[in-house]
Amino acid sequence: MRRRTFAAGTAALGLAGIGCDRFKRRRHYGGEILGPSLELGHKVRDVQLPQPTAFEDIDVIIVGGGIAGLSAAWRFEGQGFKKYLLLELESQVGGTSRSGGNGISAYPWGAHYVPAPNRDNRALVRILQEVGAVESFTAQGDPIFTEQSMVRAPEERIFAAGQWWEGLYLRAGMTKEDDLQYKRFFNEVDAWVTWRDPQGRRAFTIPRSKCSDAPEPQALDRQSFKQWLDKRSFSSERLLWLLDYACRDDYGTRLESTSAWAGLFYFAARKLNPGEESRPIIAWPEGNGALVNHLKTICQERIRTGIAVSQILRVSPDSIQVSGFDAKSSTALGWKAKRVIFAGPQHLAQHVIPTLWTERPEGVTAFHVAPWMVANISLRERPKEAGMPLAWDNVLRDSDGLGYVVATHQSYRDHGPTVWTYYYPFTGLDDRAERSLLQGMDWQTCANLVLDDLRKAHPDLDRYVARVDIVQWGHAMVQPRPNFLFSEALRRAKEPHQGIHFAHTDLSGLALFEEAQDHGLRAAEEILTAFGIVSPTWR
Amino acid sequence: MADGKATMGAANNGNPRNEAAVPGPLLRVPLLFLTVFVIASCGLIYELVAGTLASYLLGDSVMQFSTVIGVYLSAMGLGSYLSRHLHKGLAQRFVDLELAVALVGGFSAPILFQAFAHTHAFRPLLYGLVAAIGTLVGLEIPLLMRILKPQVAFKDLIAQVLTLDYIGALAASILFPVLLMPKLGLVRTCLAFGMLNALVGLWSTHLLKPLLGNRKMLRLRCVVVLLLLGTGLAFAKTFTLMVEEEIYADEIVYAKDTDYQRVVITHGRGSFQLFLNGGLQFSSADEYRYHEALVHPAFSLKPGAKRILVCGGGDGLAVREILKHPGVEKITLVDLDPAMTTLAAKMPLLRELNKGALLDRRVEVVNQDAMVWLNEQRHLEPYDLAFIDFPDPHTYSVGKLYTTRFYKLLRRALAPDGITAIQSTSPLMARKSFWCINATVEAAGFQTRPYNLSVPSFGVWGFVLASPAPFDMPKTTLPDLRYLTDGTLAAMFAFPRDMDRLPTDINRLDNQVLVHLYAAEWKRWS
């Protein structure tokens, strides 16, 4: 009865024209694809760039200004070592951690948080302290983070069965069996949290370089996460969804294409003790762009952007010739460095270091990298909704996308315009094909994909959308597929090659901020040691 | 004019020329007299609705009723006068007239509510509508008398029509306050009587059959008008918030979805109430207790305070109390919703209650989320006193305003010996929530002195008095307050055993434990 009177009321509303808002035509929105600049990158691959005629002498060249390269520079600066230059292909540094902004808010273009580290992860604690996120330390030396640096509640919600629910694991409608399996899975995780090898190392910790390489954890890498779960009869649909989501979210892989080692790493690496809640999350409106901006201010004077490095070649035992091309002035530039840190991805290393290819041919095929699309959706207003309110992370269960993060969440703004950062990984097994698929998509196709997905949860979204800007990351995240993390190819890729040191998340097989930072510090410290500069490690 | 005179003449000498061309006992006279009764009731109802609505929305009921009645009666006179210009087809005119009264009168209340909420043309529209209804109603009786004249002796006609007219008015005047207002409310009473007018029209097509030509079209029109009003009635039930009306004890006189919240004002039993998203903010009957308790204890500790910050409190009632202290030089009021502060400054009902506080030149209104605002103030001249008057922490977006982070930002805006008073929900109904707020304020580096009092429309209510520096108990207060005396001031700081302190968690931005605590505690009382 009530429903009928309501229907009559609604009809009257339409007739009266008061409700004409809902019949308004969809508004148009703007937007563009903002990068990365494939053109220059592909020139390095496909075209013979002009060769420099003069070479400037310098101690160290860092190639690549993502987190790994910036961290190496940060380490040098911390040592007072300033005879280096950082070359970045893009017009701004940061790699997949970089950020953007508009009149509404700053927002991330990729990596957007770090889990609060414990005392063991000294490098991350150090940088968080520098950006003012650490308030004090406990008696045991664990950092206490400032309230405002941690994600404010509510942290996450999930859209399922037509409505939003608190948390990422859907508890509503859960059976007893679901609950049992959920607990059983986390018991398995806790067993690995407790596990130590004969040297006392943990199976899983961050950074990966501190993890045990004993046979037991290595055995996990020889199977997919799916096989590991099947062997233990995990069948709860909502548990498997959660684990698959974790793989997609952190690695750009699926249960079938993730190493079981990586699957467990996700859950076990951040716990100090069994039974512990997983670590709180530290985030900024601009995502990890906040850390990029901090690193940038430290080494600003020695950063050169818009420079494509076309060749790195050792010409004598103490001289490496770096050939570059400045896109702005269309001039060839050259340096002669004593050492080089190659802080770019492996696929690029193969192109610009000619001797690498012959020495490590397995490197070409060993690395699989997932492409990602990231969209920033600027909203004039927030869609009206009832129930569980907008959280920081908003996930749609029935979607290939990963949902969206709200940029204004960390600046306390709960009303008015906002920016949502939407993530979509291309998880197909043939990552090359996935890459061409993504790069073949024009702006409208990308925008449609994003909005079609979000309309499932926000049917009236269109009337609020002002812009949809897109970044297509061809090589976003290295994939920890089975039999890769302990492979010879990966082990060798980390080793210096003819005075060239390597730093990149590719070398961990895990695309995490902490891994990039660890490799950057390692490479920088390898060189400092080679130069005879002795100092305690930051790692 | 010649025609008009002739008609007048006809009416005077009993020699009909244009009307009642079909004489004889064809009309059912007693039933037609009954319609007089009905239309008289309807007419008075519209007048009462307009008068009540105006006094609810504009305040000053003597003025509103006087002007509405004046305009209405004079418009009836105008209508009666204009009736002389109607000559042909009086029966059909009468039916049309009923439909016109039905539409204009029936929709008058919903139109006026909408106009009040969404336009600045409330007064012109009010008097325009009252005049229109009066004019139309003024036409009714003369027209009906002329229709009946050939059937009834003039002296009987006058006697019967006027008798029923006045008795109809009496019935309406009794029904309206006793039954209609409490049961139906203004909008639906108005629409229902509009339907009654339209029914009279429909019925008249039957009663006046011999005088009417094509009745089909006429009846169709009646049905359309009835349907419109009926839809309006159904619409009123959902759109003007029947669901809400069941929640609110009194008549809703104002309801608006602003960009941030739903603002509802109800009126009844000599007082009015303001609700935000369904939560009572104050009742005009006892808000003085709440606002005196919020404001004056802090002033007691710092009687010379000059710079005052108010967060929330867009109703202007805390500012009214603050302005009682002559030393105040500057008040910054930070309230999220511009619609709320505008309403408090302009709506007569609210402006009277807050004594035009928001229009005082010392008051600066900032419409922003207080937390966003505080976070962005880096080089602020510190405030001597801060009054924190937010709604209860029933959502995360309000809950964040009760976190250590918020209180730390507040501390940054306060002078080192500044004082703040924080509304902290009920220590009786939500004991843990209250003490959680107190503990959170302490955790943010404040010394606290919690206190409580009874506000009948809320229950027992609590505040936290706090300062970054140690401070004494407040001892004296202003002399002419309604609730607070030096004695009641001291008494507020005592907590009975059932409201005494409990150990609680600290409400942090990254856990927001208070939102869950608050929801769980209040659930027991609803």
# chains A, B, ... in the order shown; residues from 1 in each chain; ligands from 1
$ interface_residues --of "chain B" --to "chain A" --cutoff "7 Å" --atoms "only C-alpha atoms" --output "VMD selection string"
chain B and resid 231 234 to 235 238 371 to 372 397 405 509 to 512
$ select_by_dssp --residues "range 87-328 of chain A" --states "strand (DSSP E)" --output "CSV table (one decimal) with all heavy atoms, in the first residue's frame"
chain,number,residue,atom,x,y,z
A,87,LEU,N,68.7,11.1,-14.3
A,87,LEU,CA,68.0,11.4,-15.6
A,87,LEU,C,66.7,10.7,-15.6
A,87,LEU,O,66.5,9.5,-15.3
A,87,LEU,CB,68.9,10.9,-16.7
A,87,LEU,CG,70.3,11.3,-16.7
A,87,LEU,CD1,71.1,10.7,-17.9
A,87,LEU,CD2,70.4,12.8,-16.8
A,99,SER,N,52.0,11.9,-8.7
A,99,SER,CA,50.6,12.4,-8.4
A,99,SER,C,50.3,13.6,-9.3
A,99,SER,O,51.2,14.1,-10.0
A,99,SER,CB,50.5,12.7,-7.0
A,99,SER,OG,51.5,13.8,-6.7
A,100,GLY,N,49.1,13.9,-9.3
A,100,GLY,CA,48.6,15.1,-10.0
A,100,GLY,C,47.7,15.9,-9.1
A,100,GLY,O,47.6,15.6,-7.9
A,101,GLY,N,47.0,16.9,-9.6
A,101,GLY,CA,46.1,17.7,-8.8
A,101,GLY,C,45.3,18.6,-9.7
A,101,GLY,O,45.7,18.9,-10.8
A,106,ALA,N,44.6,17.2,-4.6
A,106,ALA,CA,45.7,16.5,-5.2
A,106,ALA,C,45.3,15.0,-5.2
A,106,ALA,O,44.4,14.6,-4.4
A,106,ALA,CB,47.0,16.6,-4.3
A,107,TYR,N,45.8,14.2,-6.1
A,107,TYR,CA,45.4,12.8,-6.2
A,107,TYR,C,46.6,12.0,-6.8
A,107,TYR,O,47.4,12.5,-7.5
A,107,TYR,CB,44.2,12.7,-7.1
A,107,TYR,CG,44.2,13.5,-8.4
A,107,TYR,CD1,45.0,13.1,-9.5
A,107,TYR,CD2,43.5,14.7,-8.6
A,107,TYR,CE1,45.1,13.8,-10.7
A,107,TYR,CE2,43.5,15.4,-9.7
A,107,TYR,CZ,44.3,14.9,-10.8
A,107,TYR,OH,44.4,15.7,-11.9
A,108,PRO,N,46.5,10.7,-6.5
A,108,PRO,CA,47.6,9.8,-7.0
A,108,PRO,C,47.4,9.4,-8.4
A,108,PRO,O,46.3,9.4,-8.9
A,108,PRO,CB,47.5,8.6,-6.1
A,108,PRO,CG,46.1,8.6,-5.6
A,108,PRO,CD,45.6,10.0,-5.6
A,113,TYR,N,49.6,4.3,-1.1
A,113,TYR,CA,49.7,4.2,0.3
A,113,TYR,C,50.9,3.3,0.7
A,113,TYR,O,51.5,2.6,-0.2
A,113,TYR,CB,48.4,3.5,0.9
A,113,TYR,CG,48.3,2.0,0.6
A,113,TYR,CD1,48.8,1.0,1.4
A,113,TYR,CD2,47.7,1.6,-0.6
A,113,TYR,CE1,48.7,-0.3,1.1
A,113,TYR,CE2,47.6,0.3,-0.9
A,113,TYR,CZ,48.1,-0.7,-0.1
A,113,TYR,OH,48.0,-2.0,-0.4
A,114,VAL,N,51.3,3.4,1.9
A,114,VAL,CA,52.3,2.4,2.4
A,114,VAL,C,51.7,1.9,3.8
A,114,VAL,O,51.2,2.6,4.5
A,114,VAL,CB,53.7,3.0,2.7
A,114,VAL,CG1,54.4,3.3,1.4
A,114,VAL,CG2,53.7,4.2,3.6
A,115,PRO,N,51.9,0.6,4.0
A,115,PRO,CA,51.4,0.0,5.3
A,115,PRO,C,52.4,0.6,6.4
A,115,PRO,O,53.6,0.6,6.1
A,115,PRO,CB,51.6,-1.5,5.1
A,115,PRO,CG,51.7,-1.7,3.7
A,115,PRO,CD,52.4,-0.5,3.1
A,134,VAL,N,55.8,10.4,11.7
A,134,VAL,CA,56.1,9.7,12.9
A,134,VAL,C,56.1,10.6,14.1
A,134,VAL,O,56.7,11.7,14.1
A,134,VAL,CB,57.6,9.0,12.9
A,134,VAL,CG1,57.9,8.3,14.2
A,134,VAL,CG2,57.6,8.0,11.7
A,135,GLU,N,55.3,10.2,15.1
A,135,GLU,CA,55.1,11.1,16.2
A,135,GLU,C,56.1,10.9,17.3
A,135,GLU,O,56.7,11.8,17.8
A,135,GLU,CB,53.7,10.8,16.8
A,135,GLU,CG,53.1,11.9,17.7
A,135,GLU,CD,51.7,11.6,18.0
A,135,GLU,OE1,51.4,10.7,18.8
A,135,GLU,OE2,50.8,12.4,17.5
A,136,SER,N,56.4,9.6,17.6
A,136,SER,CA,57.3,9.2,18.6
A,136,SER,C,57.7,7.7,18.4
A,136,SER,O,57.2,7.1,17.4
A,136,SER,CB,56.8,9.5,20.0
A,136,SER,OG,55.6,8.7,20.2
A,137,PHE,N,58.4,7.2,19.3
A,137,PHE,CA,58.7,5.7,19.3
A,137,PHE,C,58.4,5.1,20.6
A,137,PHE,O,58.5,5.7,21.7
A,137,PHE,CB,60.2,5.5,19.0
A,137,PHE,CG,60.6,5.9,17.6
A,137,PHE,CD1,61.0,7.2,17.3
A,137,PHE,CD2,60.6,5.0,16.6
A,137,PHE,CE1,61.3,7.6,16.0
A,137,PHE,CE2,61.0,5.3,15.3
A,137,PHE,CZ,61.3,6.6,15.0
A,143,PRO,N,57.9,2.7,15.7
A,143,PRO,CA,57.4,4.0,15.5
A,143,PRO,C,55.9,4.1,15.8
A,143,PRO,O,55.1,3.2,15.6
A,143,PRO,CB,57.6,4.3,14.0
A,143,PRO,CG,57.7,2.9,13.4
A,143,PRO,CD,58.2,2.0,14.4
A,144,ILE,N,55.5,5.3,16.4
A,144,ILE,CA,54.1,5.6,16.6
A,144,ILE,C,53.8,6.7,15.5
A,144,ILE,O,54.5,7.7,15.5
A,144,ILE,CB,53.8,6.1,18.0
A,144,ILE,CG1,54.1,5.0,19.0
A,144,ILE,CG2,52.4,6.6,18.1
A,144,ILE,CD1,54.1,5.5,20.4
A,145,PHE,N,52.8,6.5,14.7
A,145,PHE,CA,52.5,7.4,13.7
A,145,PHE,C,51.5,8.4,14.0
A,145,PHE,O,50.6,8.2,14.9
A,145,PHE,CB,52.1,6.6,12.4
A,145,PHE,CG,53.2,5.7,11.9
A,145,PHE,CD1,53.2,4.4,12.3
A,145,PHE,CD2,54.2,6.2,11.1
A,145,PHE,CE1,54.2,3.6,11.9
A,145,PHE,CE2,55.2,5.4,10.7
A,145,PHE,CZ,55.2,4.1,11.1
A,156,GLU,N,37.6,1.0,4.5
A,156,GLU,CA,37.2,0.4,3.2
A,156,GLU,C,35.7,-0.1,3.3
A,156,GLU,O,35.2,-0.3,4.4
A,156,GLU,CB,38.1,-0.8,2.8
A,156,GLU,CG,38.8,-1.4,4.0
A,156,GLU,CD,39.8,-2.5,3.7
A,156,GLU,OE1,40.5,-2.3,2.7
A,156,GLU,OE2,39.8,-3.4,4.5
A,157,ARG,N,35.1,-0.2,2.1
A,157,ARG,CA,33.8,-0.7,2.1
A,157,ARG,C,33.7,-1.5,0.7
A,157,ARG,O,34.5,-1.3,-0.2
A,157,ARG,CB,32.7,0.4,2.1
A,157,ARG,CG,32.8,1.4,1.0
A,157,ARG,CD,31.6,2.3,1.0
A,157,ARG,NE,31.7,3.2,-0.2
A,157,ARG,CZ,30.7,4.0,-0.6
A,157,ARG,NH1,29.5,4.0,0.1
A,157,ARG,NH2,30.8,4.7,-1.6
A,158,ILE,N,32.7,-2.4,0.7
A,158,ILE,CA,32.6,-3.2,-0.5
A,158,ILE,C,31.1,-3.2,-1.0
A,158,ILE,O,30.2,-3.2,-0.2
A,158,ILE,CB,33.0,-4.7,-0.2
A,158,ILE,CG1,32.9,-5.5,-1.5
A,158,ILE,CG2,32.3,-5.3,0.9
A,158,ILE,CD1,33.6,-6.9,-1.4
A,159,PHE,N,31.0,-3.1,-2.3
A,159,PHE,CA,29.7,-3.0,-2.9
A,159,PHE,C,29.3,-4.4,-3.4
A,159,PHE,O,30.0,-5.0,-4.3
A,159,PHE,CB,29.6,-2.1,-4.1
A,159,PHE,CG,28.2,-1.9,-4.6
A,159,PHE,CD1,27.3,-1.0,-4.0
A,159,PHE,CD2,27.8,-2.6,-5.7
A,159,PHE,CE1,26.1,-0.8,-4.5
A,159,PHE,CE2,26.5,-2.4,-6.2
A,159,PHE,CZ,25.6,-1.5,-5.6
A,160,ALA,N,28.3,-5.0,-2.8
A,160,ALA,CA,27.9,-6.4,-3.2
A,160,ALA,C,26.4,-6.5,-2.9
A,160,ALA,O,25.8,-5.8,-2.0
A,160,ALA,CB,28.6,-7.4,-2.3
A,163,GLN,N,24.3,-3.2,-2.4
A,163,GLN,CA,24.6,-2.2,-1.4
A,163,GLN,C,26.0,-2.2,-0.9
A,163,GLN,O,26.7,-3.1,-1.2
A,163,GLN,CB,23.6,-2.3,-0.2
A,163,GLN,CG,23.9,-3.5,0.6
A,163,GLN,CD,22.9,-3.5,1.8
A,163,GLN,OE1,21.9,-4.1,1.8
A,163,GLN,NE2,23.4,-2.9,2.9
A,164,TRP,N,26.4,-1.1,-0.2
A,164,TRP,CA,27.7,-1.1,0.4
A,164,TRP,C,27.8,-1.7,1.8
A,164,TRP,O,26.8,-1.5,2.6
A,164,TRP,CB,28.2,0.4,0.5
A,164,TRP,CG,28.4,1.0,-0.8
A,164,TRP,CD1,27.6,1.9,-1.5
A,164,TRP,CD2,29.6,0.9,-1.7
A,164,TRP,NE1,28.1,2.3,-2.7
A,164,TRP,CE2,29.4,1.7,-2.8
A,164,TRP,CE3,30.8,0.2,-1.5
A,164,TRP,CZ2,30.3,1.8,-3.8
A,164,TRP,CZ3,31.7,0.3,-2.5
A,164,TRP,CH2,31.5,1.1,-3.7
A,165,TRP,N,28.9,-2.4,2.0
A,165,TRP,CA,29.1,-3.0,3.4
A,165,TRP,C,30.5,-2.5,3.9
A,165,TRP,O,31.4,-2.3,3.1
A,165,TRP,CB,29.1,-4.5,3.2
A,165,TRP,CG,27.9,-5.1,2.5
A,165,TRP,CD1,27.8,-5.2,1.1
A,165,TRP,CD2,26.7,-5.6,3.0
A,165,TRP,NE1,26.6,-5.8,0.8
A,165,TRP,CE2,25.9,-6.0,2.0
A,165,TRP,CE3,26.3,-5.7,4.4
A,165,TRP,CZ2,24.7,-6.6,2.2
A,165,TRP,CZ3,25.0,-6.3,4.6
A,165,TRP,CH2,24.2,-6.7,3.5
A,166,GLU,N,30.5,-2.5,5.2
A,166,GLU,CA,31.8,-2.1,5.8
A,166,GLU,C,32.9,-3.2,5.6
A,166,GLU,O,32.5,-4.4,5.7
A,166,GLU,CB,31.6,-1.8,7.3
A,166,GLU,CG,32.9,-1.2,7.9
A,166,GLU,CD,32.6,-0.5,9.3
A,166,GLU,OE1,31.5,-0.7,9.8
A,166,GLU,OE2,33.4,0.2,9.7
A,281,ILE,N,47.3,1.7,7.8
A,281,ILE,CA,47.8,2.2,6.5
A,281,ILE,C,48.1,3.7,6.6
A,281,ILE,O,47.3,4.4,7.2
A,281,ILE,CB,46.7,1.8,5.4
A,281,ILE,CG1,46.9,0.4,5.0
A,281,ILE,CG2,46.8,2.7,4.2
A,281,ILE,CD1,45.9,-0.2,4.1
A,282,ILE,N,49.1,4.1,5.9
A,282,ILE,CA,49.5,5.5,5.9
A,282,ILE,C,49.2,6.0,4.5
A,282,ILE,O,49.7,5.4,3.5
A,282,ILE,CB,51.0,5.7,6.3
A,282,ILE,CG1,51.1,5.2,7.8
A,282,ILE,CG2,51.4,7.1,6.1
A,282,ILE,CD1,52.5,5.3,8.3
A,283,ALA,N,48.5,7.1,4.4
A,283,ALA,CA,48.1,7.6,3.1
A,283,ALA,C,48.0,9.1,3.1
A,283,ALA,O,47.8,9.7,4.1
A,283,ALA,CB,46.8,6.9,2.6
A,303,ILE,N,68.4,16.7,-10.6
A,303,ILE,CA,67.4,16.0,-11.4
A,303,ILE,C,67.3,16.6,-12.8
A,303,ILE,O,67.2,17.8,-12.9
A,303,ILE,CB,66.0,15.9,-10.8
A,303,ILE,CG1,66.1,15.2,-9.4
A,303,ILE,CG2,65.0,15.3,-11.7
A,303,ILE,CD1,64.8,15.2,-8.7
A,304,ARG,N,67.4,15.8,-13.8
A,304,ARG,CA,67.1,16.3,-15.2
A,304,ARG,C,66.0,15.5,-15.8
A,304,ARG,O,66.1,14.2,-15.9
A,304,ARG,CB,68.4,16.1,-16.1
A,304,ARG,CG,69.6,16.8,-15.6
A,304,ARG,CD,69.6,18.3,-15.8
A,304,ARG,NE,70.8,18.9,-15.3
A,304,ARG,CZ,71.0,19.3,-14.0
A,304,ARG,NH1,70.0,19.1,-13.2
A,304,ARG,NH2,72.1,19.8,-13.6
A,307,ILE,N,64.7,13.4,-20.4
A,307,ILE,CA,65.9,12.9,-21.0
A,307,ILE,C,65.8,11.4,-21.2
A,307,ILE,O,65.7,10.7,-20.3
A,307,ILE,CB,67.1,13.3,-20.2
A,307,ILE,CG1,67.2,14.9,-20.2
A,307,ILE,CG2,68.4,12.6,-20.8
A,307,ILE,CD1,68.4,15.4,-19.6
A,308,ALA,N,65.8,11.1,-22.5
A,308,ALA,CA,65.8,9.7,-22.8
A,308,ALA,C,67.2,9.1,-22.9
A,308,ALA,O,68.0,9.7,-23.7
A,308,ALA,CB,65.1,9.5,-24.2
A,309,VAL,N,67.5,8.1,-22.1
A,309,VAL,CA,68.9,7.5,-22.2
A,309,VAL,C,68.8,6.4,-23.3
A,309,VAL,O,68.0,5.5,-23.2
A,309,VAL,CB,69.3,7.0,-20.9
A,309,VAL,CG1,70.5,6.1,-21.0
A,309,VAL,CG2,69.5,8.1,-19.9
A,310,SER,N,69.7,6.6,-24.3
A,310,SER,CA,69.6,5.6,-25.4
A,310,SER,C,70.6,4.5,-25.3
A,310,SER,O,70.4,3.4,-25.8
A,310,SER,CB,69.7,6.4,-26.7
A,310,SER,OG,70.9,7.1,-26.7
A,311,GLN,N,71.7,4.8,-24.6
A,311,GLN,CA,72.8,3.8,-24.5
A,311,GLN,C,73.6,4.0,-23.3
A,311,GLN,O,74.0,5.1,-22.9
A,311,GLN,CB,73.6,3.8,-25.8
A,311,GLN,CG,74.4,2.5,-25.9
A,311,GLN,CD,75.3,2.5,-27.1
A,311,GLN,OE1,76.2,3.3,-27.3
A,311,GLN,NE2,75.1,1.5,-28.0
A,312,ILE,N,73.9,2.8,-22.7
A,312,ILE,CA,74.9,2.8,-21.5
A,312,ILE,C,76.0,1.8,-21.8
A,312,ILE,O,75.6,0.6,-22.0
A,312,ILE,CB,74.2,2.5,-20.2
A,312,ILE,CG1,73.0,3.4,-19.9
A,312,ILE,CG2,75.2,2.5,-19.0
A,312,ILE,CD1,72.1,3.0,-18.8
A,313,LEU,N,77.2,2.3,-22.0
A,313,LEU,CA,78.2,1.4,-22.5
A,313,LEU,C,79.5,1.6,-21.7
A,313,LEU,O,80.0,2.8,-21.6
A,313,LEU,CB,78.4,1.6,-24.0
A,313,LEU,CG,79.3,0.6,-24.7
A,313,LEU,CD1,78.6,-0.8,-24.7
A,313,LEU,CD2,79.5,1.1,-26.2
A,314,ARG,N,80.1,0.5,-21.2
A,314,ARG,CA,81.4,0.8,-20.5
A,314,ARG,C,82.5,0.8,-21.6
A,314,ARG,O,82.6,-0.1,-22.4
A,314,ARG,CB,81.7,-0.4,-19.6
A,314,ARG,CG,83.1,-0.1,-18.9
A,314,ARG,CD,83.2,-0.7,-17.5
A,314,ARG,NE,83.4,-2.2,-17.6
A,314,ARG,CZ,83.6,-2.9,-16.5
A,314,ARG,NH1,83.6,-2.4,-15.3
A,314,ARG,NH2,83.8,-4.2,-16.6
A,315,VAL,N,83.3,2.0,-21.6
A,315,VAL,CA,84.3,2.1,-22.6
A,315,VAL,C,85.7,1.9,-22.0
A,315,VAL,O,86.6,1.6,-22.8
A,315,VAL,CB,84.2,3.6,-23.2
A,315,VAL,CG1,83.0,3.7,-24.1
A,315,VAL,CG2,84.2,4.6,-22.1
A,316,SER,N,85.8,2.0,-20.7
A,316,SER,CA,87.1,1.6,-20.1
A,316,SER,C,86.8,1.1,-18.7
A,316,SER,O,85.7,1.4,-18.2
A,316,SER,CB,88.1,2.8,-20.0
A,316,SER,OG,87.7,3.7,-19.1
A,319,SER,N,85.2,3.9,-16.8
A,319,SER,CA,84.4,5.0,-17.5
A,319,SER,C,83.2,4.3,-18.2
A,319,SER,O,83.4,3.5,-19.1
A,319,SER,CB,85.3,5.7,-18.4
A,319,SER,OG,84.6,6.6,-19.2
A,320,ILE,N,82.0,4.8,-17.9
A,320,ILE,CA,80.8,4.3,-18.5
A,320,ILE,C,80.2,5.5,-19.3
A,320,ILE,O,80.0,6.5,-18.8
A,320,ILE,CB,79.8,3.7,-17.5
A,320,ILE,CG1,80.5,2.6,-16.7
A,320,ILE,CG2,78.6,3.2,-18.2
A,320,ILE,CD1,79.8,2.3,-15.4
A,321,GLN,N,80.0,5.2,-20.6
A,321,GLN,CA,79.5,6.3,-21.4
A,321,GLN,C,78.0,6.2,-21.5
A,321,GLN,O,77.4,5.2,-21.8
A,321,GLN,CB,80.1,6.1,-22.8
A,321,GLN,CG,80.0,7.2,-23.7
A,321,GLN,CD,80.8,7.0,-25.0
A,321,GLN,OE1,82.0,6.8,-25.0
A,321,GLN,NE2,80.1,6.8,-26.1
A,322,VAL,N,77.3,7.3,-21.1
A,322,VAL,CA,75.8,7.4,-21.1
A,322,VAL,C,75.4,8.3,-22.2
A,322,VAL,O,75.7,9.5,-22.1
A,322,VAL,CB,75.3,7.8,-19.7
A,322,VAL,CG1,73.8,7.9,-19.7
A,322,VAL,CG2,75.8,6.8,-18.6
A,323,SER,N,74.7,7.9,-23.1
A,323,SER,CA,74.2,8.7,-24.2
A,323,SER,C,72.7,9.0,-24.0
A,323,SER,O,71.9,8.1,-23.8
A,323,SER,CB,74.3,8.0,-25.6
A,323,SER,OG,75.6,7.6,-25.7
A,324,GLY,N,72.4,10.3,-24.1
A,324,GLY,CA,71.0,10.7,-23.8
A,324,GLY,C,70.5,11.6,-24.9
A,324,GLY,O,71.3,12.1,-25.7
A,325,PHE,N,69.2,11.9,-24.8
A,325,PHE,CA,68.6,12.8,-25.8
A,325,PHE,C,67.6,13.6,-25.1
A,325,PHE,O,66.7,13.2,-24.4
A,325,PHE,CB,67.9,11.9,-26.9
A,325,PHE,CG,67.2,12.7,-27.9
A,325,PHE,CD1,67.9,13.4,-28.9
A,325,PHE,CD2,65.8,12.9,-28.0
A,325,PHE,CE1,67.3,14.1,-29.9
A,325,PHE,CE2,65.2,13.6,-28.9
A,325,PHE,CZ,65.9,14.3,-29.9
A,326,ASP,N,67.8,15.0,-25.2
A,326,ASP,CA,66.9,15.9,-24.5
A,326,ASP,C,65.8,16.2,-25.4
A,326,ASP,O,66.0,16.9,-26.5
A,326,ASP,CB,67.7,17.2,-24.1
A,326,ASP,CG,66.8,18.1,-23.3
A,326,ASP,OD1,65.6,18.0,-23.3
A,326,ASP,OD2,67.4,19.1,-22.7
$ residues_around --residues "range 443-449 of chain A" --least-positions-apart "2" --cutoff "10 Å" --atoms "only C-alpha atoms" --output "list in words"
Tyr29, Gly30, Gly31, Glu32, Ile33, Leu34, Met373, Val374, Ala375, Asn376, Ile377, Gly401, Tyr424, Leu438, Gly440, Met441, Leu451, Asp452, Asp453, Leu454, Arg467, Val468, Asp469, Ile470, Val471 and Gln472 of chain A
$ residues_around --residues "Ile527 in chain A" --least-positions-apart "2" --cutoff "12 Å" --atoms "only C-alpha atoms" --output "VMD selection string"
chain A and resid 59 to 62 72 to 73 75 to 76 79 81 84 337 to 341 496 499 to 502 520 to 525 529 to 535
$ closest_residue --among "B:Ile39, B:Val29, B:Val49, B:Ala345" --to "Thr189 in chain B" --atoms "only C-alpha atoms"
B:Val49
$ residues_around --residues "range 164-181 of chain B" --least-positions-apart "3" --cutoff "8 Å" --atoms "only C-alpha atoms" --output "PyMOL selection string"
chain B and resi 33-34+36-45+48+160-161+184-186+189+251
$ residues_around --residues "range 428-430 of chain B" --least-positions-apart "3" --cutoff "9 Å" --atoms "only C-alpha atoms" --output "ChimeraX atom specification"
/B:425,433-435,459-462,498-500,517-518,520-522,524-525
$ atom_distance --atom1 "CA of Leu229 in chain B" --atom2 "CA of Tyr72 in chain B"
22.5 Å
